[in-house]
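Colleague: File protein_14.txt below, compact mmCIF, C-alpha atoms:
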# COMPACT_ATOMS: atom_id res chain seq x y z
CA MET S 1 44.86 -81.61 -0.51
CA LYS S 2 41.15 -81.18 0.06
CA ILE S 3 41.69 -77.85 1.84
CA LYS S 4 44.02 -76.69 -0.95
CA ASN S 5 41.39 -77.49 -3.61
CA GLN S 6 38.77 -75.57 -1.63
CA ILE S 7 41.07 -72.55 -1.42
CA LEU S 8 41.75 -72.66 -5.15
CA SER S 9 38.02 -72.93 -5.90
CA PHE S 10 37.28 -69.94 -3.67
CA ILE S 11 39.98 -67.90 -5.41
CA ALA S 12 38.55 -68.78 -8.82
CA ILE S 13 35.03 -67.81 -7.81
CA LEU S 14 36.28 -64.54 -6.30
CA ALA S 15 38.19 -63.71 -9.47
CA VAL S 16 35.10 -64.28 -11.62
CA ALA S 17 33.02 -62.11 -9.28
CA LEU S 18 35.54 -59.28 -9.32
CA THR S 19 35.83 -59.48 -13.09
CA THR S 20 32.06 -59.34 -13.48
CA PHE S 21 31.78 -56.39 -11.06
CA SER S 22 34.60 -54.60 -12.83
CA CYS S 23 32.97 -55.00 -16.22
CA THR S 24 29.62 -53.89 -14.86
CA SER S 25 30.93 -50.85 -13.04
CA ASP S 26 33.18 -49.74 -15.88
CA SER S 27 30.46 -50.05 -18.53
CA PRO S 28 29.42 -46.61 -19.75
CA LYS S 29 25.79 -45.71 -19.10
CA GLU S 30 23.71 -43.94 -21.68
CA VAL S 31 22.79 -40.47 -20.40
CA THR S 32 20.41 -38.40 -22.50
CA PRO S 33 21.48 -34.77 -22.24
CA LEU S 34 18.79 -32.22 -21.48
CA LYS S 35 17.74 -29.93 -24.29
CA SER S 36 17.76 -26.16 -23.96
CA ILE S 37 14.47 -24.32 -23.58
CA LEU S 38 14.76 -23.21 -27.20
CA ALA S 39 15.45 -26.77 -28.40
CA ILE S 40 12.42 -28.10 -26.50
CA ALA S 41 10.22 -25.58 -28.31
CA GLN S 42 11.88 -26.39 -31.65
CA ALA S 43 11.09 -30.07 -31.15
CA ASP S 44 7.36 -29.27 -30.89
CA PRO S 45 6.43 -26.90 -33.74
CA ALA S 46 2.77 -27.99 -33.57
CA ASN S 47 2.54 -26.13 -30.26
CA PHE S 48 5.36 -23.60 -30.36
CA SER S 49 6.00 -22.46 -33.95
CA ILE S 50 4.55 -18.99 -33.28
CA LEU S 51 6.59 -18.65 -30.09
CA LEU S 52 9.70 -19.60 -32.05
CA ASP S 53 8.93 -16.99 -34.73
CA ALA S 54 8.38 -14.37 -32.03
CA LEU S 55 11.64 -15.25 -30.28
CA LYS S 56 13.54 -15.06 -33.56
CA LYS S 57 11.93 -11.73 -34.54
CA THR S 58 12.94 -10.17 -31.23
CA SER S 59 16.40 -11.82 -31.12
CA LEU S 60 15.55 -13.56 -27.84
CA ASP S 61 16.04 -17.01 -29.33
CA ALA S 62 19.79 -16.92 -28.73
CA THR S 63 19.29 -16.18 -25.04
CA LEU S 64 17.01 -19.16 -24.48
CA GLY S 65 19.28 -21.41 -26.52
CA ASN S 66 22.39 -20.60 -24.52
CA ALA S 67 23.54 -21.67 -21.07
CA GLY S 68 21.89 -20.00 -18.10
CA SER S 69 19.01 -20.48 -15.69
CA TYR S 70 15.58 -19.27 -16.77
CA THR S 71 11.92 -19.97 -16.22
CA VAL S 72 9.87 -19.57 -19.38
CA PHE S 73 6.07 -19.43 -19.48
CA ALA S 74 5.52 -20.73 -23.00
CA PRO S 75 2.22 -19.86 -24.71
CA THR S 76 0.98 -22.40 -27.22
CA ASN S 77 0.11 -21.58 -30.82
CA ALA S 78 -3.56 -21.56 -29.81
CA ALA S 79 -2.78 -19.01 -27.07
CA PHE S 80 -0.97 -16.71 -29.49
CA THR S 81 -3.73 -17.00 -32.07
CA ALA S 82 -6.37 -16.16 -29.45
CA ALA S 83 -4.33 -13.03 -28.65
CA GLY S 84 -4.32 -12.04 -32.32
CA ILE S 85 -0.67 -12.91 -32.87
CA THR S 86 0.27 -15.21 -35.76
CA SER S 87 3.46 -16.02 -37.61
CA ALA S 88 2.16 -13.94 -40.51
CA SER S 89 1.48 -10.90 -38.30
CA ILE S 90 4.90 -11.22 -36.66
CA ALA S 91 6.59 -11.15 -40.06
CA LEU S 92 4.88 -7.84 -40.90
CA MET S 93 5.59 -6.05 -37.59
CA THR S 94 7.09 -2.57 -37.61
CA PRO S 95 10.14 -1.85 -35.40
CA ALA S 96 7.86 -0.30 -32.77
CA GLN S 97 5.64 -3.38 -32.78
CA VAL S 98 8.68 -5.63 -32.48
CA ALA S 99 9.79 -3.61 -29.44
CA ASP S 100 6.34 -4.12 -27.89
CA LEU S 101 6.47 -7.83 -28.67
CA LYS S 102 9.91 -8.10 -27.08
CA VAL S 103 8.71 -6.64 -23.77
CA THR S 104 5.71 -8.99 -23.87
CA LEU S 105 7.99 -11.99 -24.36
CA GLN S 106 10.35 -10.77 -21.65
CA ASN S 107 7.34 -10.73 -19.34
CA HIS S 108 7.17 -14.50 -19.87
CA VAL S 109 10.71 -15.06 -18.55
CA ILE S 110 12.08 -15.20 -15.01
CA GLY S 111 15.78 -15.04 -14.26
CA VAL S 112 16.11 -18.41 -12.50
CA GLY S 113 14.72 -21.88 -13.14
CA THR S 114 11.70 -22.20 -10.83
CA ARG S 115 9.27 -25.07 -10.38
CA ALA S 116 5.52 -24.44 -10.14
CA ASN S 117 5.35 -25.20 -6.41
CA ASP S 118 8.09 -22.66 -5.74
CA LEU S 119 6.24 -20.06 -7.81
CA LEU S 120 3.17 -20.64 -5.65
CA THR S 121 5.22 -20.33 -2.47
CA ALA S 122 6.71 -17.04 -3.64
CA GLY S 123 3.37 -15.65 -4.80
CA TYR S 124 4.96 -12.76 -6.68
CA THR S 125 8.04 -13.06 -8.88
CA ARG S 126 9.78 -10.52 -11.09
CA THR S 127 9.95 -11.06 -14.83
CA PHE S 128 12.26 -9.51 -17.41
CA GLY S 129 9.35 -7.33 -18.57
CA PHE S 130 9.54 -3.77 -17.32
CA LEU S 131 7.67 -0.51 -16.78
CA ARG S 132 8.27 1.84 -19.69
CA ALA S 133 8.38 5.49 -18.73
CA THR S 134 8.33 6.23 -22.48
CA SER S 135 7.27 4.19 -25.49
CA THR S 136 10.92 3.79 -26.49
CA ALA S 137 12.32 2.91 -23.05
CA THR S 138 14.52 -0.18 -23.02
CA SER S 139 14.64 -0.66 -19.25
CA GLY S 140 12.70 0.11 -16.09
CA ALA S 141 11.34 -1.45 -12.92
CA ASN S 142 10.73 -5.14 -13.57
CA LEU S 143 7.11 -6.27 -13.79
CA SER S 144 5.61 -8.74 -11.33
CA VAL S 145 3.82 -11.99 -12.09
CA PHE S 146 1.44 -13.52 -9.52
CA ALA S 147 0.97 -17.29 -9.17
CA ASN S 148 -1.81 -18.97 -7.18
CA THR S 149 -4.08 -21.98 -7.39
CA VAL S 150 -7.79 -21.90 -8.17
CA GLY S 151 -9.72 -25.15 -8.44
CA GLY S 152 -6.48 -27.11 -8.51
CA ASN S 153 -5.09 -25.10 -11.42
CA VAL S 154 -1.98 -22.94 -11.27
CA LEU S 155 -2.94 -19.48 -12.54
CA LEU S 156 -0.67 -16.62 -13.53
CA ASN S 157 -2.02 -13.08 -12.99
CA GLY S 158 -5.51 -14.39 -12.39
CA GLY S 159 -5.86 -16.55 -15.51
CA THR S 160 -6.96 -15.72 -19.04
CA ALA S 161 -10.04 -13.79 -17.86
CA ASN S 162 -7.66 -11.22 -16.34
CA GLY S 163 -5.06 -11.18 -19.12
CA GLY S 164 -3.10 -13.97 -17.46
CA ALA S 165 -2.91 -17.69 -18.12
CA LYS S 166 -3.26 -21.19 -16.71
CA VAL S 167 -0.30 -23.55 -16.53
CA VAL S 168 -1.28 -26.59 -18.60
CA THR S 169 2.03 -28.45 -18.35
CA ALA S 170 4.44 -27.61 -15.54
CA ASP S 171 8.09 -28.26 -14.73
CA ILE S 172 9.57 -29.31 -18.07
CA GLN S 173 13.26 -29.57 -17.20
CA ALA S 174 15.74 -28.01 -19.64
CA SER S 175 19.51 -27.66 -19.64
CA ASN S 176 19.14 -23.94 -19.00
CA GLY S 177 16.10 -23.83 -16.77
CA ILE S 178 12.44 -24.85 -16.62
CA LEU S 179 9.58 -24.44 -19.06
CA HIS S 180 5.90 -24.17 -18.13
CA VAL S 181 3.36 -24.44 -20.96
CA ILE S 182 0.52 -21.91 -20.59
CA ASP S 183 -2.81 -21.38 -22.32
CA GLY S 184 -2.64 -17.61 -22.74
CA VAL S 185 -0.26 -14.82 -23.72
CA LEU S 186 0.45 -12.83 -20.56
CA LYS S 187 -0.81 -9.29 -20.93
CA LEU S 188 1.54 -6.68 -19.48
CA PRO S 189 -0.26 -6.17 -16.13
CA THR S 190 -1.59 -2.83 -14.93
CA ILE S 191 -2.05 -2.00 -11.25
CA VAL S 192 -5.76 -2.82 -11.60
CA ASP S 193 -4.88 -6.20 -13.16
CA HIS S 194 -2.70 -6.95 -10.15
CA ILE S 195 -5.49 -6.01 -7.73
CA LYS S 196 -7.94 -8.24 -9.63
CA ALA S 197 -5.53 -11.18 -9.68
CA ASN S 198 -4.95 -11.42 -5.93
CA PRO S 199 -7.90 -12.86 -3.94
CA SER S 200 -6.64 -11.17 -0.76
CA LEU S 201 -7.42 -7.80 -2.40
CA SER S 202 -11.00 -8.65 -3.39
CA SER S 203 -12.51 -6.21 -0.85
CA LEU S 204 -10.50 -3.33 -2.29
CA LEU S 205 -11.47 -4.41 -5.80
CA GLY S 206 -15.15 -4.45 -4.87
CA VAL S 207 -14.99 -0.91 -3.56
CA VAL S 208 -12.98 0.69 -6.38
CA THR S 209 -15.08 -0.96 -9.09
CA SER S 210 -18.39 0.12 -7.55
CA SER S 211 -20.34 2.77 -9.48
CA ALA S 212 -19.95 5.23 -6.59
CA GLN S 213 -16.15 5.09 -6.91
CA ALA S 214 -15.83 5.44 -10.67
CA GLY S 215 -13.58 8.44 -10.17
CA VAL S 216 -11.10 6.43 -8.09
CA LEU S 217 -11.06 3.68 -10.69
CA THR S 218 -10.30 6.35 -13.29
CA ASP S 219 -7.37 7.51 -11.14
CA LEU S 220 -5.97 4.00 -11.46
CA THR S 221 -6.74 3.28 -15.09
CA ALA S 222 -5.57 6.71 -16.27
CA ALA S 223 -2.11 6.16 -14.78
CA THR S 224 0.66 5.55 -17.32
CA GLY S 225 4.29 4.53 -17.34
CA SER S 226 5.31 8.17 -17.43
CA VAL S 227 2.72 9.24 -14.83
CA PRO S 228 2.41 6.18 -12.55
CA VAL S 229 0.44 5.71 -9.34
CA THR S 230 1.52 3.89 -6.19
CA VAL S 231 -1.37 2.07 -4.51
CA TYR S 232 -1.10 1.38 -0.79
CA ALA S 233 -3.64 -1.43 -0.96
CA PRO S 234 -5.43 -2.59 2.20
CA ASN S 235 -5.96 -6.34 2.17
CA ASN S 236 -9.22 -8.08 3.04
CA ASP S 237 -8.33 -8.37 6.72
CA ALA S 238 -7.67 -4.62 6.80
CA PHE S 239 -11.17 -3.89 5.50
CA THR S 240 -12.69 -6.30 8.04
CA THR S 241 -10.85 -4.57 10.88
CA ALA S 242 -11.95 -1.15 9.58
CA SER S 243 -15.62 -2.07 9.19
CA THR S 244 -16.68 0.12 12.12
CA TYR S 245 -14.66 3.06 10.81
CA LEU S 246 -16.15 2.72 7.31
CA THR S 247 -19.76 2.06 8.29
CA GLY S 248 -22.03 5.00 7.58
CA ARG S 249 -19.51 6.92 5.47
CA THR S 250 -20.87 8.83 2.49
CA ASP S 251 -19.69 7.96 -1.01
CA ALA S 252 -17.65 11.17 -1.06
CA GLN S 253 -15.95 10.27 2.21
CA VAL S 254 -15.11 6.79 0.92
CA THR S 255 -13.64 8.43 -2.18
CA ASN S 256 -11.43 10.57 0.02
CA ILE S 257 -10.35 7.56 2.07
CA LEU S 258 -9.44 5.61 -1.08
CA ARG S 259 -7.52 8.53 -2.60
CA TYR S 260 -5.62 8.81 0.66
CA HIS S 261 -4.14 5.42 -0.31
CA LEU S 262 -2.88 6.66 -3.71
CA GLU S 263 0.31 8.53 -4.56
CA LYS S 264 1.36 9.92 -7.92
CA SER S 265 4.67 8.06 -8.15
CA ASN S 266 6.21 4.65 -8.66
CA ARG S 267 7.65 4.34 -5.16
CA LEU S 268 9.67 1.15 -4.72
CA SER S 269 11.20 -0.08 -1.50
CA SER S 270 14.62 -0.27 -3.13
CA SER S 271 14.61 3.17 -4.78
CA ALA S 272 16.62 6.17 -3.57
CA THR S 273 13.45 7.96 -2.41
CA SER S 274 12.08 4.87 -0.74
CA PHE S 275 11.18 3.95 2.80
CA THR S 276 13.85 1.22 3.07
CA SER S 277 16.67 2.96 1.24
CA SER S 278 19.99 2.81 3.09
CA SER S 279 20.63 6.42 2.05
CA ALA S 280 17.42 7.72 3.66
CA THR S 281 17.94 10.02 6.64
CA ALA S 282 14.36 10.88 7.57
CA ASP S 283 10.83 9.55 7.52
CA VAL S 284 9.23 9.53 4.07
CA SER S 285 6.34 11.97 3.71
CA VAL S 286 3.87 10.73 1.11
CA THR S 287 1.60 13.25 -0.63
CA THR S 288 -1.59 11.45 -1.58
CA LEU S 289 -4.25 12.08 -4.23
CA TYR S 290 -6.75 13.05 -1.54
CA LYS S 291 -7.44 16.72 -2.21
CA ALA S 292 -8.69 18.51 0.90
CA PRO S 293 -7.94 21.63 2.96
CA ALA S 294 -6.57 19.41 5.73
CA ASP S 295 -3.27 17.51 5.71
CA THR S 296 -3.33 15.04 2.80
CA LYS S 297 -0.11 13.24 3.65
CA PHE S 298 0.93 10.17 5.58
CA THR S 299 4.35 9.06 6.81
CA ILE S 300 6.43 5.96 6.19
CA LEU S 301 8.69 5.66 9.21
CA LEU S 302 12.43 5.78 8.54
CA GLY S 303 14.00 2.45 7.68
CA THR S 304 10.78 0.49 8.19
CA VAL S 305 7.74 -0.75 6.32
CA LYS S 306 5.37 0.96 8.77
CA ILE S 307 2.93 3.71 7.84
CA LYS S 308 1.54 6.34 10.21
CA ASP S 309 -1.54 8.14 8.95
CA VAL S 310 -2.39 11.78 9.66
CA ILE S 311 -4.76 10.82 12.47
CA GLY S 312 -1.79 9.14 14.11
CA THR S 313 -3.74 6.18 15.41
CA THR S 314 -3.19 3.75 12.56
CA ASN S 315 0.18 2.10 12.13
CA ALA S 316 -0.10 -0.05 9.03
CA ASN S 317 2.51 -2.55 7.98
CA ILE S 318 3.44 -3.02 4.35
CA LYS S 319 3.01 -6.78 4.00
CA ILE S 320 3.92 -7.24 0.32
CA THR S 321 6.18 -4.75 -1.42
CA ASN S 322 6.76 -3.75 -5.02
CA ILE S 323 4.02 -5.47 -7.02
CA GLN S 324 4.99 -3.77 -10.25
CA GLY S 325 2.60 -3.02 -13.07
CA THR S 326 2.91 -1.12 -16.33
CA ASN S 327 1.43 2.06 -14.84
CA GLY S 328 2.41 1.93 -11.20
CA VAL S 329 3.15 -0.25 -8.21
CA VAL S 330 1.06 -1.86 -5.47
CA GLN S 331 2.17 -2.04 -1.83
CA VAL S 332 -0.15 -4.30 0.18
CA ILE S 333 -0.89 -3.02 3.70
CA ASP S 334 -2.70 -4.51 6.68
CA LYS S 335 -4.73 -1.45 7.79
CA VAL S 336 -7.08 1.06 6.18
CA LEU S 337 -5.39 4.45 6.57
CA GLN S 338 -7.45 7.25 8.09
CA PRO S 339 -7.31 10.83 6.75
CA PHE S 340 -9.01 13.92 8.13
CA LEU S 341 -12.47 13.91 6.55
Give the structure from this file in structure tokens form.
Modeller:
Amino acid sequence: MKIKNQILSFIAILAVALTTFSCTSDSPKEVTPLKSILAIAQADPANFSILLDALKKTSLDATLGNAGSYTVFAPTNAAFTAAGITSASIALMTPAQVADLKVTLQNHVIGVGTRANDLLTAGYTRTFGFLRATSTATSGANLSVFANTVGGNVLLNGGTANGGAKVVTADIQASNGILHVIDGVLKLPTIVDHIKANPSLSSLLGVVTSSAQAGVLTDLTAATGSVPVTVYAPNNDAFTTASTYLTGRTDAQVTNILRYHLEKSNRLSSSATSFTSSSATADVSVTTLYKAPADTKFTILLGTVKIKDVIGTTNANIKITNIQGTNGVVQVIDKVLQPFL
């Protein structure tokens, strides 16, 4: 009898335990659904009312309210105001101004949700902004945005001093991507802006912005979407390696060397006339802006990212391809190319 009572007690306890577990496991849990990127902005008009007006004016609000995967760099109201853009000015924009605003906003959007650390790892990422060969163009090569850290801050395109921005709040998760709050409206970057933004190109920047090379800087700043320039940009290590070659050169010779790194084109590695195109059947001969009686070309070897200069002794590698700006593209190389001087 005693054993029977023990068995019955055990069964009763087990039944209570199973009932309790069943009730606990079957109880619905409250899950707060994520808001869309648009809804997150709508919930904070104190910071994003101008952004919302801009999105509505350009009909981009529907895109960021729908399903998808985007990264949005969201300027605050203070950032828009500092850039001279207000809700009142947006309301009065002409169709041409609205088109300009749309490209600017597209330059704040990436096609996949990306956290800040992944942006830093990538370095360069393509936005929905694009090079406009004409003022009315609605498509073109997608612009690049550069992310790096300076003093513990995540900067885009070199920060506000270079027409970029600082990320003030990162990784806000949305149902259709990720939002990063920024303190500036991203200027559509030129090739010079891209050179300024990247610390590994500081040696090149120092040379082209020197008073002796004002003409080369003009070559870069005078480029447009319809008449772009490709810059084969030696990085800092390239200039260090070439110090012996460059020492003692006259200003005119340095000008010629720099122009030997410029091409009047927007040559991309994925384009039909490019060095990595699957349809290419021969080395690519690049005609540079160096104007001299001697050969002014260099060669990109077929199917590679290697450059052979006219001297034939320098084989540079293109280390970073297709840094797209509004007036041309930058290809970062690891050697200073040598022309006939």
Colleague: For Ser36 in chain S, please output as a VMD selection string all residues within 7 Å (counting all atoms listed in the file; exclusion window: fewer than 6 positions along the same chain).
Modeller: chain S and resid 65 174 to 176
Colleague: Just checking: using all atoms listed in the file, which residue out of S:Ile191, S:Ser226, S:Ile257, S:Arg115 ends up closest to Val207 in chain S?
Modeller: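 Once distances to Val207 in chain S are computed over all atoms listed in the file, the minimum belongs to S:Ile257.
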Colleague: Name the closest residue to Thr81 in chain S among the candidates S:Leu64, S:Leu51, S:Leu205, S:Val231; distances are taken between atoms, counting all atoms listed in the file.
Modeller: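 Distance minimum relative to Thr81 in chain S lands on S:Leu51.
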Colleague: Name the residues within 12 Å of (5.9, -26.7, -28.8), counting all atoms listed in the file in the file's coordinates, and put them as an MDAnalysis selection string.
Modeller: chainID S and resid 37:53 73:79 169 172 179:182
Colleague: Based on the selection just made, write C-alpha atoms of those residues as an mmCIF file, in the coordinates of the input.
Modeller:
data_model
loop_
_atom_site.group_PDB
_atom_site.id
_atom_site.type_symbol
_atom_site.label_atom_id
_atom_site.label_comp_id
_atom_site.auth_asym_id
_atom_site.auth_seq_id
_atom_site.Cartn_x
_atom_site.Cartn_y
_atom_site.Cartn_z
ATOM 1 C CA ILE S 37 14.470 -24.320 -23.580
ATOM 2 C CA LEU S 38 14.760 -23.210 -27.200
ATOM 3 C CA ALA S 39 15.450 -26.770 -28.400
ATOM 4 C CA ILE S 40 12.420 -28.100 -26.500
ATOM 5 C CA ALA S 41 10.220 -25.580 -28.310
ATOM 6 C CA GLN S 42 11.880 -26.390 -31.650
ATOM 7 C CA ALA S 43 11.090 -30.070 -31.150
ATOM 8 C CA ASP S 44 7.360 -29.270 -30.890
ATOM 9 C CA PRO S 45 6.430 -26.900 -33.740
ATOM 10 C CA ALA S 46 2.770 -27.990 -33.570
ATOM 11 C CA ASN S 47 2.540 -26.130 -30.260
ATOM 12 C CA PHE S 48 5.360 -23.600 -30.360
ATOM 13 C CA SER S 49 6.000 -22.460 -33.950
ATOM 14 C CA ILE S 50 4.550 -18.990 -33.280
ATOM 15 C CA LEU S 51 6.590 -18.650 -30.090
ATOM 16 C CA LEU S 52 9.700 -19.600 -32.050
ATOM 17 C CA ASP S 53 8.930 -16.990 -34.730
ATOM 18 C CA PHE S 73 6.070 -19.430 -19.480
ATOM 19 C CA ALA S 74 5.520 -20.730 -23.000
ATOM 20 C CA PRO S 75 2.220 -19.860 -24.710
ATOM 21 C CA THR S 76 0.980 -22.400 -27.220
ATOM 22 C CA ASN S 77 0.110 -21.580 -30.820
ATOM 23 C CA ALA S 78 -3.560 -21.560 -29.810
ATOM 24 C CA ALA S 79 -2.780 -19.010 -27.070
ATOM 25 C CA THR S 169 2.030 -28.450 -18.350
ATOM 26 C CA ILE S 172 9.570 -29.310 -18.070
ATOM 27 C CA LEU S 179 9.580 -24.440 -19.060
ATOM 28 C CA HIS S 180 5.900 -24.170 -18.130
ATOM 29 C CA VAL S 181 3.360 -24.440 -20.960
ATOM 30 C CA ILE S 182 0.520 -21.910 -20.590
#
Colleague: Enter the distance from CA of Ile318 in chain S to CA of Leu186 in chain S, in Å, rounded to one decimal.
Modeller: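 So the two atoms, CA of Ile318 in chain S and CA of Leu186 in chain S, lie 26.9 Å apart.
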Colleague: If you measure from CA of Tyr232 in chain S to CA of Thr247 in chain S, what distance in Å do you get, rounded to one decimal?
Modeller: 20.8 Å
